[in-house]
Each structure stands twice: as C-alpha cells, then as structure tokens.
>>> print(open('target_17.cif').read())   # mmCIF, C-alpha atoms; chains and numbers go by the auth columns
data_model
#
loop_
_atom_site.group_PDB
_atom_site.id
_atom_site.type_symbol
_atom_site.label_atom_id
_atom_site.label_comp_id
_atom_site.label_asym_id
_atom_site.label_seq_id
_atom_site.Cartn_x
_atom_site.Cartn_y
_atom_site.Cartn_z
_atom_site.B_iso_or_equiv
_atom_site.auth_seq_id
_atom_site.auth_asym_id
ATOM 1 C CA MET A 1 67.073 95.554 88.614 0.00 1 F
ATOM 2 C CA VAL A 2 68.992 97.821 91.014 0.00 2 F
ATOM 3 C CA GLU A 3 70.391 94.713 92.712 0.00 3 F
ATOM 4 C CA ILE A 4 72.114 93.710 89.471 0.00 4 F
ATOM 5 C CA TYR A 5 73.796 97.130 89.314 0.00 5 F
ATOM 6 C CA ILE A 6 74.834 96.862 92.974 0.00 6 F
ATOM 7 C CA ASN A 7 76.315 93.388 92.368 0.00 7 F
ATOM 8 C CA LEU A 8 78.113 94.622 89.257 0.00 8 F
ATOM 9 C CA ALA A 9 79.481 97.675 91.099 0.00 9 F
ATOM 10 C CA ALA A 10 80.661 95.461 93.996 0.00 10 F
ATOM 11 C CA MET A 11 82.435 93.157 91.543 0.00 11 F
ATOM 12 C CA ILE A 12 84.175 96.087 89.822 0.00 12 F
ATOM 13 C CA ILE A 13 85.211 97.417 93.263 0.00 13 F
ATOM 14 C CA ALA A 14 86.633 93.984 94.111 0.00 14 F
ATOM 15 C CA VAL A 15 88.592 93.888 90.810 0.00 15 F
ATOM 16 C CA ILE A 16 89.985 97.397 91.481 0.00 16 F
ATOM 17 C CA CYS A 17 90.898 96.328 95.039 0.00 17 F
ATOM 18 C CA VAL A 18 92.734 93.215 93.820 0.00 18 F
ATOM 19 C CA GLY A 19 94.599 95.361 91.271 0.00 19 F
ATOM 20 C CA ILE A 20 95.643 97.876 93.907 0.00 20 F
ATOM 21 C CA ALA A 21 96.623 95.067 96.316 0.00 21 F
ATOM 22 C CA ILE A 22 98.870 93.481 93.641 0.00 22 F
ATOM 23 C CA PHE A 23 100.418 96.905 93.021 0.00 23 F
ATOM 24 C CA GLN A 24 101.019 97.419 96.776 0.00 24 F
ATOM 25 C CA VAL A 25 102.583 93.960 97.085 0.00 25 F
ATOM 26 C CA LEU A 26 104.939 94.725 94.168 0.00 26 F
ATOM 27 C CA VAL A 27 105.890 98.032 95.802 0.00 27 F
ATOM 28 C CA SER A 28 106.469 96.302 99.136 0.00 28 F
ATOM 29 C CA LEU A 29 108.731 93.765 97.390 0.00 29 F
ATOM 30 C CA GLY A 30 110.962 96.619 96.253 0.00 30 F
ATOM 31 C CA TYR A 31 109.841 97.099 92.675 0.00 31 F
ATOM 32 C CA PRO A 32 110.516 100.688 91.471 0.00 32 F
ATOM 33 C CA LEU A 33 106.852 101.757 91.397 0.00 33 F
ATOM 34 C CA GLY A 34 106.930 103.930 94.506 0.00 34 F
ATOM 35 C CA GLU A 35 106.403 107.184 92.595 0.00 35 F
ATOM 36 C CA ALA A 36 102.738 106.309 92.199 0.00 36 F
ATOM 37 C CA THR A 37 102.043 105.802 95.905 0.00 37 F
ATOM 38 C CA MET A 38 102.708 107.205 99.399 0.00 38 F
ATOM 39 C CA GLY A 39 103.091 110.751 98.097 0.00 39 F
ATOM 40 C CA GLY A 40 105.607 109.707 95.440 0.00 40 F
ATOM 41 C CA TYR A 41 108.647 110.622 97.529 0.00 41 F
ATOM 42 C CA HIS A 42 110.560 107.371 96.782 0.00 42 F
ATOM 43 C CA LYS A 43 110.947 105.360 93.598 0.00 43 F
ATOM 44 C CA ILE A 44 111.854 102.301 95.687 0.00 44 F
ATOM 45 C CA LEU A 45 110.167 102.422 99.063 0.00 45 F
ATOM 46 C CA PRO A 46 112.316 102.258 102.216 0.00 46 F
ATOM 47 C CA LYS A 47 111.666 99.291 104.511 0.00 47 F
ATOM 48 C CA PRO A 48 109.244 100.982 106.974 0.00 48 F
ATOM 49 C CA LEU A 49 107.086 102.165 104.057 0.00 49 F
ATOM 50 C CA ARG A 50 107.215 98.710 102.472 0.00 50 F
ATOM 51 C CA PHE A 51 105.631 97.393 105.654 0.00 51 F
ATOM 52 C CA VAL A 52 102.929 100.097 105.394 0.00 52 F
ATOM 53 C CA SER A 53 102.418 99.035 101.791 0.00 53 F
ATOM 54 C CA THR A 54 101.888 95.411 102.835 0.00 54 F
ATOM 55 C CA ILE A 55 99.298 96.498 105.414 0.00 55 F
ATOM 56 C CA SER A 56 97.606 98.649 102.724 0.00 56 F
ATOM 57 C CA ALA A 57 97.400 95.614 100.436 0.00 57 F
ATOM 58 C CA MET A 58 95.665 93.607 103.165 0.00 58 F
ATOM 59 C CA ILE A 59 93.243 96.445 103.977 0.00 59 F
ATOM 60 C CA VAL A 60 92.373 96.918 100.298 0.00 60 F
ATOM 61 C CA LEU A 61 91.726 93.179 99.879 0.00 61 F
ATOM 62 C CA PHE A 62 89.518 93.240 102.978 0.00 62 F
ATOM 63 C CA MET A 63 87.671 96.208 101.477 0.00 63 F
ATOM 64 C CA GLY A 64 86.920 94.269 98.295 0.00 64 F
ATOM 65 C CA PHE A 65 85.748 91.323 100.376 0.00 65 F
ATOM 66 C CA VAL A 66 83.448 93.550 102.489 0.00 66 F
ATOM 67 C CA PHE A 67 81.779 95.019 99.376 0.00 67 F
ATOM 68 C CA LEU A 68 81.277 91.586 97.833 0.00 68 F
ATOM 69 C CA GLN A 69 79.738 90.337 101.059 0.00 69 F
ATOM 70 C CA HIS A 70 77.610 93.466 101.521 0.00 70 F
ATOM 71 C CA ALA A 71 76.214 93.140 97.976 0.00 71 F
ATOM 72 C CA LYS A 72 75.654 89.415 98.659 0.00 72 F
ATOM 73 C CA VAL A 73 77.828 88.438 95.714 0.00 73 F
ATOM 74 C CA ILE A 74 79.534 86.024 98.094 0.00 74 F
ATOM 75 C CA SER A 75 78.205 84.618 101.319 0.00 75 F
ATOM 76 C CA VAL A 76 80.412 83.273 104.048 0.00 76 F
ATOM 77 C CA GLU A 77 79.674 81.257 107.166 0.00 77 F
ATOM 78 C CA PHE A 78 81.148 83.799 109.601 0.00 78 F
ATOM 79 C CA ASN A 79 78.699 86.617 109.039 0.00 79 F
ATOM 80 C CA PHE A 80 79.808 88.778 111.993 0.00 80 F
ATOM 81 C CA ILE A 81 81.399 91.592 109.947 0.00 81 F
ATOM 82 C CA PRO A 82 79.243 94.774 110.239 0.00 82 F
ATOM 83 C CA THR A 83 79.294 95.490 106.507 0.00 83 F
ATOM 84 C CA ASN A 84 76.619 98.230 106.841 0.00 84 F
ATOM 85 C CA ILE A 85 79.092 100.355 108.792 0.00 85 F
ATOM 86 C CA LEU A 86 82.260 99.265 106.989 0.00 86 F
ATOM 87 C CA VAL A 87 81.016 100.168 103.507 0.00 87 F
ATOM 88 C CA TRP A 88 80.525 103.746 104.709 0.00 88 F
ATOM 89 C CA VAL A 89 83.917 103.778 106.440 0.00 89 F
ATOM 90 C CA PHE A 90 85.593 102.703 103.187 0.00 90 F
ATOM 91 C CA THR A 91 83.529 105.135 101.105 0.00 91 F
ATOM 92 C CA ILE A 92 84.547 108.097 103.280 0.00 92 F
ATOM 93 C CA PHE A 93 88.150 106.839 103.280 0.00 93 F
ATOM 94 C CA LEU A 94 88.123 106.737 99.463 0.00 94 F
ATOM 95 C CA ALA A 95 86.652 110.248 99.257 0.00 95 F
ATOM 96 C CA LEU A 96 89.527 111.591 101.375 0.00 96 F
ATOM 97 C CA ASN A 97 91.994 109.441 99.450 0.00 97 F
ATOM 98 C CA THR A 98 90.812 110.875 96.112 0.00 98 F
ATOM 99 C CA ILE A 99 91.273 114.429 97.380 0.00 99 F
ATOM 100 C CA GLY A 100 94.721 113.452 98.689 0.00 100 F
ATOM 101 C CA ASN A 101 95.784 111.907 95.374 0.00 101 F
ATOM 102 C CA LEU A 102 94.609 114.997 93.509 0.00 102 F
ATOM 103 C CA ALA A 103 96.928 117.180 95.579 0.00 103 F
ATOM 104 C CA SER A 104 99.886 114.764 95.567 0.00 104 F
ATOM 105 C CA ARG A 105 103.334 116.144 94.730 0.00 105 F
ATOM 106 C CA SER A 106 103.919 113.148 92.454 0.00 106 F
ATOM 107 C CA LYS A 107 102.738 113.591 88.881 0.00 107 F
ATOM 108 C CA LYS A 108 102.471 109.808 88.463 0.00 108 F
ATOM 109 C CA GLU A 109 100.313 109.459 91.574 0.00 109 F
ATOM 110 C CA ARG A 110 98.013 112.238 90.373 0.00 110 F
ATOM 111 C CA LEU A 111 97.790 110.745 86.892 0.00 111 F
ATOM 112 C CA ILE A 112 97.271 107.089 87.875 0.00 112 F
ATOM 113 C CA MET A 113 95.796 107.010 91.365 0.00 113 F
ATOM 114 C CA THR A 114 93.364 109.960 91.160 0.00 114 F
ATOM 115 C CA PRO A 115 91.229 108.376 88.390 0.00 115 F
ATOM 116 C CA ILE A 116 91.330 104.936 90.053 0.00 116 F
ATOM 117 C CA SER A 117 90.344 106.228 93.497 0.00 117 F
ATOM 118 C CA SER A 118 87.639 108.535 92.103 0.00 118 F
ATOM 119 C CA ILE A 119 86.026 105.663 90.163 0.00 119 F
ATOM 120 C CA ALA A 120 86.307 103.413 93.225 0.00 120 F
ATOM 121 C CA PHE A 121 84.721 106.156 95.385 0.00 121 F
ATOM 122 C CA LEU A 122 81.844 106.567 92.922 0.00 122 F
ATOM 123 C CA LEU A 123 81.148 102.815 92.900 0.00 123 F
ATOM 124 C CA CYS A 124 81.455 102.515 96.690 0.00 124 F
ATOM 125 C CA LEU A 125 79.034 105.412 97.189 0.00 125 F
ATOM 126 C CA PHE A 126 76.643 103.786 94.723 0.00 126 F
ATOM 127 C CA VAL A 127 76.699 100.491 96.635 0.00 127 F
ATOM 128 C CA SER A 128 76.506 102.199 100.063 0.00 128 F
ATOM 129 C CA ILE A 129 73.544 104.413 99.162 0.00 129 F
ATOM 130 C CA LEU A 130 71.482 102.010 97.077 0.00 130 F
ATOM 131 C CA SER A 131 71.926 98.989 99.315 0.00 131 F
ATOM 132 C CA ASN A 132 70.497 100.753 102.383 0.00 132 F
ATOM 133 C CA MET B 1 93.359 126.621 78.493 0.00 1 V
ATOM 134 C CA VAL B 2 90.236 125.090 76.889 0.00 2 V
ATOM 135 C CA LYS B 3 91.077 121.767 78.553 0.00 3 V
ATOM 136 C CA GLN B 4 91.399 123.523 81.909 0.00 4 V
ATOM 137 C CA ILE B 5 87.999 125.219 81.516 0.00 5 V
ATOM 138 C CA MET B 6 86.442 121.889 80.523 0.00 6 V
ATOM 139 C CA ASN B 7 88.024 120.215 83.532 0.00 7 V
ATOM 140 C CA SER B 8 86.779 122.925 85.918 0.00 8 V
ATOM 141 C CA THR B 9 83.271 122.704 84.426 0.00 9 V
ATOM 142 C CA ALA B 10 83.217 118.889 84.661 0.00 10 V
ATOM 143 C CA SER B 11 84.502 119.027 88.251 0.00 11 V
ATOM 144 C CA ILE B 12 81.865 121.575 89.300 0.00 12 V
ATOM 145 C CA LEU B 13 79.114 119.562 87.581 0.00 13 V
ATOM 146 C CA SER B 14 80.267 116.366 89.290 0.00 14 V
ATOM 147 C CA LEU B 15 80.142 118.146 92.664 0.00 15 V
ATOM 148 C CA ALA B 16 76.636 119.396 91.793 0.00 16 V
ATOM 149 C CA ALA B 17 75.553 115.856 90.851 0.00 17 V
ATOM 150 C CA LEU B 18 76.995 114.512 94.116 0.00 18 V
ATOM 151 C CA THR B 19 75.120 117.235 96.015 0.00 19 V
ATOM 152 C CA LEU B 20 71.873 116.103 94.342 0.00 20 V
ATOM 153 C CA VAL B 21 72.697 112.482 95.245 0.00 21 V
ATOM 154 C CA PHE B 22 72.908 113.466 98.919 0.00 22 V
ATOM 155 C CA ILE B 23 69.723 115.578 98.713 0.00 23 V
ATOM 156 C CA ARG B 24 67.851 112.616 97.183 0.00 24 V
ATOM 157 C CA PHE B 25 69.385 110.324 99.802 0.00 25 V
ATOM 158 C CA PHE B 26 67.981 112.366 102.693 0.00 26 V
ATOM 159 C CA PHE B 27 64.794 113.491 100.896 0.00 27 V
ATOM 160 C CA PRO B 28 63.688 110.631 98.601 0.00 28 V
ATOM 161 C CA ASP B 29 60.663 112.664 97.373 0.00 29 V
ATOM 162 C CA PHE B 30 62.795 115.575 96.125 0.00 30 V
ATOM 163 C CA LEU B 31 62.572 115.940 92.306 0.00 31 V
ATOM 164 C CA PRO B 32 61.086 112.442 91.787 0.00 32 V
ATOM 165 C CA PHE B 33 61.953 112.388 88.071 0.00 33 V
ATOM 166 C CA LEU B 34 65.655 112.432 89.011 0.00 34 V
ATOM 167 C CA THR B 35 66.140 108.859 90.175 0.00 35 V
ATOM 168 C CA MET B 36 69.268 107.768 92.017 0.00 36 V
ATOM 169 C CA THR B 37 70.355 105.765 88.970 0.00 37 V
ATOM 170 C CA ILE B 38 70.117 108.839 86.709 0.00 38 V
ATOM 171 C CA LEU B 39 72.007 110.936 89.245 0.00 39 V
ATOM 172 C CA PHE B 40 74.755 108.339 89.565 0.00 40 V
ATOM 173 C CA ILE B 41 75.051 108.056 85.777 0.00 41 V
ATOM 174 C CA ALA B 42 75.344 111.870 85.573 0.00 42 V
ATOM 175 C CA PHE B 43 77.875 111.870 88.420 0.00 43 V
ATOM 176 C CA GLY B 44 79.847 109.095 86.708 0.00 44 V
ATOM 177 C CA LEU B 45 79.856 110.888 83.345 0.00 45 V
ATOM 178 C CA PHE B 46 81.036 114.154 84.886 0.00 46 V
ATOM 179 C CA VAL B 47 83.758 112.330 86.844 0.00 47 V
ATOM 180 C CA LEU B 48 84.804 110.606 83.606 0.00 48 V
ATOM 181 C CA ALA B 49 84.885 113.957 81.771 0.00 49 V
ATOM 182 C CA SER B 50 86.890 115.381 84.662 0.00 50 V
ATOM 183 C CA ILE B 51 89.383 112.484 84.424 0.00 51 V
ATOM 184 C CA LEU B 52 89.720 112.782 80.628 0.00 52 V
ATOM 185 C CA THR B 53 90.408 116.514 80.805 0.00 53 V
ATOM 186 C CA PHE B 54 92.612 116.167 83.884 0.00 54 V
ATOM 187 C CA ASP B 55 95.963 117.913 83.626 0.00 55 V
ATOM 188 C CA PRO B 56 98.473 116.150 85.897 0.00 56 V
ATOM 189 C CA LYS B 57 100.494 119.355 86.276 0.00 57 V
ATOM 190 C CA ARG B 58 99.921 120.416 89.839 0.00 58 V
ATOM 191 C CA THR B 59 98.248 123.765 90.215 0.00 59 V
ATOM 192 C CA LYS B 60 97.742 125.905 93.295 0.00 60 V
ATOM 193 C CA LYS B 61 94.013 125.207 92.958 0.00 61 V
ATOM 194 C CA ASP B 62 94.575 121.432 93.408 0.00 62 V
ATOM 195 C CA LEU B 63 96.471 122.070 96.634 0.00 63 V
ATOM 196 C CA LEU B 64 93.726 124.156 98.151 0.00 64 V
ATOM 197 C CA THR B 65 90.535 122.327 97.124 0.00 65 V
ATOM 198 C CA GLY B 66 90.694 119.482 99.675 0.00 66 V
ATOM 199 C CA LEU B 67 89.612 121.360 102.796 0.00 67 V
ATOM 200 C CA PRO B 68 86.759 123.393 101.200 0.00 68 V
ATOM 201 C CA ILE B 69 85.334 120.233 99.578 0.00 69 V
ATOM 202 C CA THR B 70 85.502 118.322 102.877 0.00 70 V
ATOM 203 C CA LEU B 71 83.875 121.224 104.741 0.00 71 V
ATOM 204 C CA TYR B 72 81.207 121.610 102.038 0.00 72 V
ATOM 205 C CA PHE B 73 80.064 117.976 102.091 0.00 73 V
ATOM 206 C CA SER B 74 80.280 117.721 105.891 0.00 74 V
ATOM 207 C CA GLY B 75 78.153 120.872 106.159 0.00 75 V
ATOM 208 C CA LEU B 76 75.737 119.642 103.492 0.00 76 V
ATOM 209 C CA ILE B 77 75.089 116.339 105.288 0.00 77 V
ATOM 210 C CA ILE B 78 74.550 118.158 108.619 0.00 78 V
ATOM 211 C CA VAL B 79 72.261 120.838 107.108 0.00 79 V
ATOM 212 C CA LEU B 80 70.173 118.260 105.217 0.00 80 V
ATOM 213 C CA GLN B 81 69.533 116.422 108.475 0.00 81 V
ATOM 214 C CA LEU B 82 68.777 119.639 110.364 0.00 82 V
ATOM 215 C CA PHE B 83 66.142 120.350 107.694 0.00 83 V
ATOM 216 C CA GLY B 84 64.448 117.046 108.495 0.00 84 V
ATOM 217 C CA GLY B 85 66.338 114.467 106.470 0.00 85 V
ATOM 218 C CA SER B 86 66.980 111.237 108.285 0.00 86 V
ATOM 219 C CA THR B 87 69.007 108.086 107.816 0.00 87 V
ATOM 220 C CA ASP B 88 69.872 105.028 109.865 0.00 88 V
ATOM 221 C CA THR B 89 73.249 104.686 108.164 0.00 89 V
ATOM 222 C CA PRO B 90 76.519 105.847 109.802 0.00 90 V
ATOM 223 C CA LEU B 91 75.954 109.207 108.064 0.00 91 V
ATOM 224 C CA SER B 92 73.362 110.105 110.715 0.00 92 V
ATOM 225 C CA ILE B 93 74.278 113.050 112.936 0.00 93 V
ATOM 226 C CA HIS B 94 73.182 110.892 115.890 0.00 94 V
ATOM 227 C CA GLN B 95 76.009 108.427 115.223 0.00 95 V
ATOM 228 C CA PRO B 96 79.408 109.090 116.835 0.00 96 V
ATOM 229 C CA PHE B 97 81.086 107.587 113.741 0.00 97 V
ATOM 230 C CA PHE B 98 79.857 110.501 111.648 0.00 98 V
ATOM 231 C CA TRP B 99 81.422 113.136 113.917 0.00 99 V
ATOM 232 C CA ILE B 100 84.681 111.165 114.231 0.00 100 V
ATOM 233 C CA ALA B 101 84.859 110.887 110.410 0.00 101 V
ATOM 234 C CA ILE B 102 84.231 114.626 109.978 0.00 102 V
ATOM 235 C CA ALA B 103 86.813 115.586 112.614 0.00 103 V
ATOM 236 C CA LEU B 104 89.355 113.205 111.105 0.00 104 V
ATOM 237 C CA GLY B 105 88.623 114.374 107.547 0.00 105 V
ATOM 238 C CA ILE B 106 88.951 118.060 108.407 0.00 106 V
ATOM 239 C CA TRP B 107 92.125 117.432 110.408 0.00 107 V
ATOM 240 C CA ILE B 108 93.733 115.406 107.581 0.00 108 V
ATOM 241 C CA GLU B 109 92.828 118.011 104.955 0.00 109 V
ATOM 242 C CA PHE B 110 93.930 120.915 107.161 0.00 110 V
ATOM 243 C CA LYS B 111 97.283 119.215 107.812 0.00 111 V
ATOM 244 C CA ARG B 112 97.672 118.378 104.119 0.00 112 V
ATOM 245 C CA MET B 113 96.923 121.958 103.073 0.00 113 V
ATOM 246 C CA ARG B 114 99.343 123.411 105.648 0.00 114 V
ATOM 247 C CA ASP B 115 102.135 121.044 104.530 0.00 115 V
ATOM 248 C CA LYS B 116 101.531 121.806 100.858 0.00 116 V
ATOM 249 C CA LYS B 117 101.526 125.564 101.487 0.00 117 V
ATOM 250 C CA LYS B 118 104.836 125.223 103.329 0.00 118 V
ATOM 251 C CA ALA B 119 106.293 123.126 100.481 0.00 119 V
ATOM 252 C CA VAL B 120 105.200 125.714 97.883 0.00 120 V
ATOM 253 C CA GLN B 121 106.726 128.563 99.925 0.00 121 V
ATOM 254 C CA ASN B 122 110.106 126.765 100.283 0.00 122 V
#
>>> encode(input="target_17.cif", output="structure tokens")
Amino acid sequence: MVEIYINLAAMIIAVICVGIAIFQVLVSLGYPLGEATMGGYHKILPKPLRFVSTISAMIVLFMGFVFLQHAKVISVEFNFIPTNILVWVFTIFLALNTIGNLASRSKKERLIMTPISSIAFLLCLFVSILSN
Amino acid sequence: MVKQIMNSTASILSLAALTLVFIRFFFPDFLPFLTMTILFIAFGLFVLASILTFDPKRTKKDLLTGLPITLYFSGLIIVLQLFGGSTDTPLSIHQPFFWIAIALGIWIEFKRMRDKKKAVQN
C-alpha cells in the first residue's frame, strides 16, 4: 500500500519538476517572469542569469527523473545513478530552497515559489523516508 | 491579525509534525499508534494551512527564521542519533555528506540573514 503512495508522490514531484523546468526555460528565453525567481531582482533576466536559469531547468528535470527512478515508476538500462543518496541531496536542497523563498525580497517569489517548494519538499521527504 | 496568528500556529504545528517524523524515523518504536503515514498527512495539512494563511508581505520574522530552523533540524538529527537512533541513509552522522550539508546549510542561511539585515538597515 505504501508503495502506491510513494509512486504517486514521485509522479507528483516529477510533474512539479517539469512545471518548474518549463518556467525556467521561459525565463531563460527572456520572458518577463523573472520577478518570481532568482530573488526577484529582474523582471527580464540578464544574460548570465538566463544561463543559470537554463542550468536550473536541467537540474530540476534530472531531479524529477531521479525520483521516478528511485520509486521504480520508470526503469532504465543505465542503473548507475545512486538514487539513494541523490533523493536526500534534493530533499535537503528543497528544504533550504523553501526557507530561501520564504525570505525572498520579491512578493511574487514568496507567493508563488514558497508553496510550490514546500509541497515539493514534503513529497520528497515522504519518498526519501518511506522508501528506505 | 487573526490570519497571522493562524499562520504562526500552522507553521509551528508543521514544524512539530516534522519533528515527530524525524523522531519516528530514528526510533520506529516511538509512539507506535502514530504511523509515518499519519504524521505525513498531519504535516501536509499543517503545511497546507500555513500556505492558505500565508501573507506575502515580508515581515522581519520571515527574514530571521531561516537560520534557527536550519540549526534546529540539524541539531535534532544529531541529538536523535546520539541518543541511539541509527540510519544507513545519508542523514547518518557517520556520513561525510551529512556534515557537508549541515555546514553548507548553515553558511547559506547565515549569509542570507546577514544580507537581509543589511538590506533592511539601508
């Protein structure tokens, strides 16, 4: 029964990750959504931060992939990724990220990103703890 | 004002639920009627209540909560293991990853708090 919950949580995490990745790609393409990310200092991100945004999108997609693989929702041939360690790395990262979003100077970042990252943290912790 | 009190209460209760999650994680026999699923549901509900009553206006409290929360949970995980709790996950105090994560977390939060304090003063 718990496995179903873990699979469901991993799938929701993956959906959140894809959503955030799409958002980061849009920001990196120059769409005026920058107030909700990177501290909210720029409406349209400058080029160096657009590059950071692209990297963030890739990391977030990788994160979703790791959780899906860890929960065995998907299985891939190259099974060398240490998902046991990575799920904890991402969970701790999300905990710090939630605290960071909460204290952001941007009202939009606090309003949009804090709820998203706190839900993602909760689900990641759920998967990390119950799948061990 | 009422919303703020509700938000503070929900936030404190969610931290309490998360504390119980960690206690159960290191001591699976602690309060056996409180299963992990129940604790996570409680944690989720309190987080949801905290989100719904969240006021996006930045307060001084929001700026200063990061470091104490990081220190609290780092300390909690260490103390629980010193009291005999054990895990083979990267949260173990015998894993270098754990100490790197704590050092990094405290450094990030300390830096964040210092920058925010400076910004408020200016």
>>> closest_residue(input="target_17.cif", among="V:Thr70, V:Ser86, V:Ser8, V:Gln81", to="Ile102 of chain V", atoms="all atoms listed in the file")
V:Thr70
>>> atom_distance(input="target_17.cif", atom1="atom CA of Ile20 of chain F", atom2="atom CA of Ser74 of chain V")
27.8 Å
>>> resolve_selection(input="target_17.cif", expression="the PyMOL selection byres ((chain F) within 9 of (chain V))", output="VMD selection string")
chain F and resid 2 84 to 85 88 to 89 92 to 93 95 to 96 99 to 100 102 to 111 114 to 115 118 to 119 122 to 123 126 129 to 130 132
>>> write_last_selection(input="target_17.cif", atoms="C-alpha atoms", output="mmCIF file, keeping the file's coordinate frame")
data_model
loop_
_atom_site.group_PDB
_atom_site.id
_atom_site.type_symbol
_atom_site.label_atom_id
_atom_site.label_comp_id
_atom_site.auth_asym_id
_atom_site.auth_seq_id
_atom_site.Cartn_x
_atom_site.Cartn_y
_atom_site.Cartn_z
ATOM 1 C CA VAL F 2 68.992 97.821 91.014
ATOM 2 C CA ASN F 84 76.619 98.230 106.841
ATOM 3 C CA ILE F 85 79.092 100.355 108.792
ATOM 4 C CA TRP F 88 80.525 103.746 104.709
ATOM 5 C CA VAL F 89 83.917 103.778 106.440
ATOM 6 C CA ILE F 92 84.547 108.097 103.280
ATOM 7 C CA PHE F 93 88.150 106.839 103.280
ATOM 8 C CA ALA F 95 86.652 110.248 99.257
ATOM 9 C CA LEU F 96 89.527 111.591 101.375
ATOM 10 C CA ILE F 99 91.273 114.429 97.380
ATOM 11 C CA GLY F 100 94.721 113.452 98.689
ATOM 12 C CA LEU F 102 94.609 114.997 93.509
ATOM 13 C CA ALA F 103 96.928 117.180 95.579
ATOM 14 C CA SER F 104 99.886 114.764 95.567
ATOM 15 C CA ARG F 105 103.334 116.144 94.730
ATOM 16 C CA SER F 106 103.919 113.148 92.454
ATOM 17 C CA LYS F 107 102.738 113.591 88.881
ATOM 18 C CA LYS F 108 102.471 109.808 88.463
ATOM 19 C CA GLU F 109 100.313 109.459 91.574
ATOM 20 C CA ARG F 110 98.013 112.238 90.373
ATOM 21 C CA LEU F 111 97.790 110.745 86.892
ATOM 22 C CA THR F 114 93.364 109.960 91.160
ATOM 23 C CA PRO F 115 91.229 108.376 88.390
ATOM 24 C CA SER F 118 87.639 108.535 92.103
ATOM 25 C CA ILE F 119 86.026 105.663 90.163
ATOM 26 C CA LEU F 122 81.844 106.567 92.922
ATOM 27 C CA LEU F 123 81.148 102.815 92.900
ATOM 28 C CA PHE F 126 76.643 103.786 94.723
ATOM 29 C CA ILE F 129 73.544 104.413 99.162
ATOM 30 C CA LEU F 130 71.482 102.010 97.077
ATOM 31 C CA ASN F 132 70.497 100.753 102.383
#
>>> atom_distance(input="target_17.cif", atom1="atom CA of Phe51 of chain F", atom2="atom CA of Asn97 of chain F")
19.2 Å
>>> atom_distance(input="target_17.cif", atom1="atom CA of Leu86 of chain F", atom2="atom CA of Leu68 of chain F")
12.0 Å
>>> resolve_selection(input="target_17.cif", expression="the PyMOL selection byres ((chain F and resi 124) around 8)", output="PyMOL selection string")
chain F and resi 9-10+13+67+87+90-91+120-123+125-128
>>> closest_residue(input="target_17.cif", among="F:Ile81, F:Leu33, F:Leu26, F:Leu45", to="Phe62 of chain F", atoms="all atoms listed in the file")
F:Ile81
>>> axis_aligned_box(input="target_17.cif", around="segment 3-7 of chain V", padding_each_side="3 Å", output="JSON")
{"center_x": 88.9, "center_y": 122.7, "center_z": 81.0, "size_x": 11.0, "size_y": 11.0, "size_z": 11.0}
